[in-house]
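K.L.:
Next up is a structure, given as structure tokens.
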Amino acid sequence: MSDVNVNGLGRVVLASNNAGKLREFASLLDAADIELIAHGELGVPEAPEPHVTFVENALAKARHASSLTGLPALADDSGLCVRALNGAPGVYSARYASMNGGAKSDASNNAKLVADLADQDDRRAYYFCVLVLVRHADDPEPLIAEGRWHGEVINTPRGDNGFGYDPHFFLPTLNATAAELDPARKNALSHRALALRDLLQRLKELA
């Protein structure tokens, strides 16, 4: 990995300690010769996520990480949006079950999702991702990209890969859940992959 990549970013801090996200982003960014570092490795605490929109949360996290490290920062806010639930769990995807007293875990979130859809025939859903890159904490022109990955929710989990809602997120065109895809294929198709391709294109245009 070079010290300075073609976009002049050098090292970029990822405003997350989520191991699954770090693996996905690191794999996707490696081809662009961008070195990604989880903010926990630099002693950065988690930022509050008080906002009701994905983009506001992502921007707050990126500025927080950049201000404490002096590095460019990349943050995402992503979640599962289910049509029959008026877009829920949405920005609350990571703490969907714990908001009502349940455990904060993938298993609890998935159990609540399946229970909430028990009487629903419409299972359409999509993963949504907003990426925000700030070149410094006060960057007046943050780069913002987004991606949507469409599928549907199934009751019975399938697959051992992925994380979050992946075992219940079924892709009809592939006849597989996101958790049944090998990491390389998921990285080529996912909402994060779509958002990151959009972001990298914007970086190229600015180079």
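In the structure tokens, chains take letters A, B, ... by order of appearance, with residues numbered from 1 within each chain and ligands from 1 in the order shown.
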Find the residues near region 178-185 of chain A: any atom within 7 Å, counting only C-alpha atoms, skip ones fewer than 4 places away on the same chain, and give them as a PyMOL selection string.

P.N.:
chain A and resi 158-162+166-167+169-170+189

K.L.:
Enumerate as a count of residues only all residues of region 14-189 of chain A assigned to helix (DSSP H, G or I) by DSSP on the backbone, naming them with the chain letters and numbers the document uses.

P.N.:
68

K.L.:
Could you tell me which of A:Val130, A:Pro140, A:Leu29, A:Arg95 comes closest to Val55 (chain A) if we count only C-alpha atoms?

P.N.:
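Residue with the minimum atom-to-atom distance to Val55 (chain A): A:Val130.
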
K.L.:
A:Asn100, A:Pro142, A:Ala107, A:Gly164: which is nearest Leu59 (chain A), counting only C-alpha atoms?

P.N.:
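Between A:Asn100, A:Pro142, A:Ala107, A:Gly164, the residue approaching Leu59 (chain A) most closely is A:Pro142.
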
K.L.:
Which neighbours of His150 (chain A) fall inside 7 Å, counting only C-alpha atoms, when residues of the same chain fewer than 4 positions from it are skipped, and could you give them as a ChimeraX atom specification?

P.N.:
/A:125-127

K.L.:
Residues near Pro50 (chain A), anyone? I mean within 12 Å using only C-alpha atoms, not counting same-chain ones fewer than 3 positions away, as an mmCIF file with N, CA and C atoms, in the first residue's frame.

P.N.:
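In the end it all went to out02.cif:
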```cif
data_model
loop_
_atom_site.group_PDB
_atom_site.id
_atom_site.type_symbol
_atom_site.label_atom_id
_atom_site.label_comp_id
_atom_site.auth_asym_id
_atom_site.auth_seq_id
_atom_site.Cartn_x
_atom_site.Cartn_y
_atom_site.Cartn_z
ATOM 1 N N ALA A 47 -19.203 7.977 17.661
ATOM 2 C CA ALA A 47 -19.922 9.262 17.624
ATOM 3 C C ALA A 47 -21.408 9.022 17.843
ATOM 4 N N THR A 53 -31.990 10.959 9.572
ATOM 5 C CA THR A 53 -31.659 10.651 8.186
ATOM 6 C C THR A 53 -30.280 10.013 8.121
ATOM 7 N N PHE A 54 -30.092 9.163 7.131
ATOM 8 C CA PHE A 54 -28.813 8.490 6.939
ATOM 9 C C PHE A 54 -27.686 9.490 6.693
ATOM 10 N N VAL A 55 -27.935 10.477 5.857
ATOM 11 C CA VAL A 55 -26.858 11.390 5.456
ATOM 12 C C VAL A 55 -26.385 12.248 6.624
ATOM 13 N N GLU A 56 -27.298 12.680 7.476
ATOM 14 C CA GLU A 56 -26.881 13.487 8.622
ATOM 15 C C GLU A 56 -26.031 12.678 9.590
ATOM 16 N N ASN A 57 -26.419 11.428 9.828
ATOM 17 C CA ASN A 57 -25.633 10.573 10.716
ATOM 18 C C ASN A 57 -24.247 10.306 10.140
ATOM 19 N N ALA A 58 -24.181 10.006 8.857
ATOM 20 C CA ALA A 58 -22.888 9.719 8.232
ATOM 21 C C ALA A 58 -21.973 10.931 8.273
ATOM 22 N N LEU A 59 -22.512 12.101 7.997
ATOM 23 C CA LEU A 59 -21.704 13.317 8.018
ATOM 24 C C LEU A 59 -21.186 13.606 9.427
ATOM 25 N N ALA A 60 -22.039 13.436 10.428
ATOM 26 C CA ALA A 60 -21.613 13.674 11.809
ATOM 27 C C ALA A 60 -20.486 12.724 12.200
ATOM 28 N N LYS A 61 -20.589 11.459 11.795
ATOM 29 C CA LYS A 61 -19.556 10.488 12.139
ATOM 30 C C LYS A 61 -18.245 10.794 11.428
ATOM 31 N N ASP A 77 -23.707 5.456 6.765
ATOM 32 C CA ASP A 77 -24.876 5.100 7.559
ATOM 33 C C ASP A 77 -25.724 4.270 6.632
ATOM 34 N N VAL A 91 -32.823 3.928 9.657
ATOM 35 C CA VAL A 91 -31.638 4.423 10.373
ATOM 36 C C VAL A 91 -31.457 3.737 11.715
ATOM 37 N N TYR A 92 -32.487 3.037 12.179
ATOM 38 C CA TYR A 92 -32.399 2.346 13.471
ATOM 39 C C TYR A 92 -32.074 0.864 13.315
#
```

K.L.:
May I ask for the distance between CA of Arg83 (chain A) and CA of Asn109 (chain A), given in Å to one decimal place?

P.N.:
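Computed distance, CA of Arg83 (chain A) to CA of Asn109 (chain A), equals 16.9 Å.
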
K.L.:
Tell me, as a PyMOL selection string, which residues lie within 9 Å of Asn18 (chain A), counting only C-alpha atoms; anything in the same chain fewer than 4 positions away does not count.

P.N.:
chain A and resi 22-23+38

K.L.:
At a cut-off of 8 Å, using only C-alpha atoms, what residues contact Glu24 (chain A)? Leave out same-chain residues fewer than 3 positions from it and give the result as a JSON list (two decimals) with C-alpha atoms, in the first residue's frame.

P.N.:
```json
[["chain", "number", "residue", "atom", "x", "y", "z"],
["A", 20, "GLY", "CA", -18.02, -6.61, 8.84],
["A", 21, "LYS", "CA", -18.06, -3.12, 7.39],
["A", 27, "SER", "CA", -11.60, -5.06, 0.22],
["A", 28, "LEU", "CA", -13.35, -2.58, -2.05],
["A", 183, "PRO", "CA", -17.66, -12.17, 0.18],
["A", 187, "ASN", "CA", -18.70, -6.90, -2.41]]
```

K.L.:
Using DSSP assignments from the backbone, pull out every residue in region 17-153 of chain A that falls under strand (DSSP E) and give it to me as a PyMOL selection string.

P.N.:
chain A and resi 35-38+73-82+124-134+143-153

K.L.:
Taking into account only C-alpha atoms, which residue in the set A:Ser105, A:Asn155, A:Thr177, A:Ser93 is nearest to Gln120 (chain A)?

P.N.:
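So, comparing all the options, the nearest one is A:Asn155.
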
K.L.:
List the spatial neighbours of Glu46 (chain A) as a PDB file with C-alpha atoms, in the first residue's frame - criterion: any atom at most 10 Å away, only C-alpha atoms, same-chain residues fewer than 3 positions off excluded.

P.N.:
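The resulting file, around.pdb, is reproduced below:
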```
ATOM      1  CA  ALA A  15     -15.672   6.036  11.290  1.00  0.00           C
ATOM      2  CA  SER A  16     -16.750   2.599  12.484  1.00  0.00           C
ATOM      3  CA  ASN A  17     -15.550  -0.359  14.509  1.00  0.00           C
ATOM      4  CA  HIS A  39     -11.231   4.599  14.095  1.00  0.00           C
ATOM      5  CA  GLY A  40     -10.920   2.388  17.165  1.00  0.00           C
ATOM      6  CA  GLY A  43      -8.509   5.741  19.926  1.00  0.00           C
ATOM      7  CA  GLU A  49     -26.093   9.119  15.837  1.00  0.00           C
ATOM      8  CA  LYS A  61     -19.556  10.488  12.139  1.00  0.00           C
ATOM      9  CA  HIS A  64     -16.091  13.448  14.385  1.00  0.00           C
ATOM     10  CA  ALA A  65     -13.444  10.946  13.242  1.00  0.00           C
TER      11      ALA A  65
END
```

K.L.:
Of the candidates A:Asp119, A:Leu200, A:Ser190, A:Val52, which shows the shortest atom-to-atom distance to Asp30 (chain A), using only C-alpha atoms?

P.N.:
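For Asp30 (chain A), the nearest of the candidates is A:Leu200.
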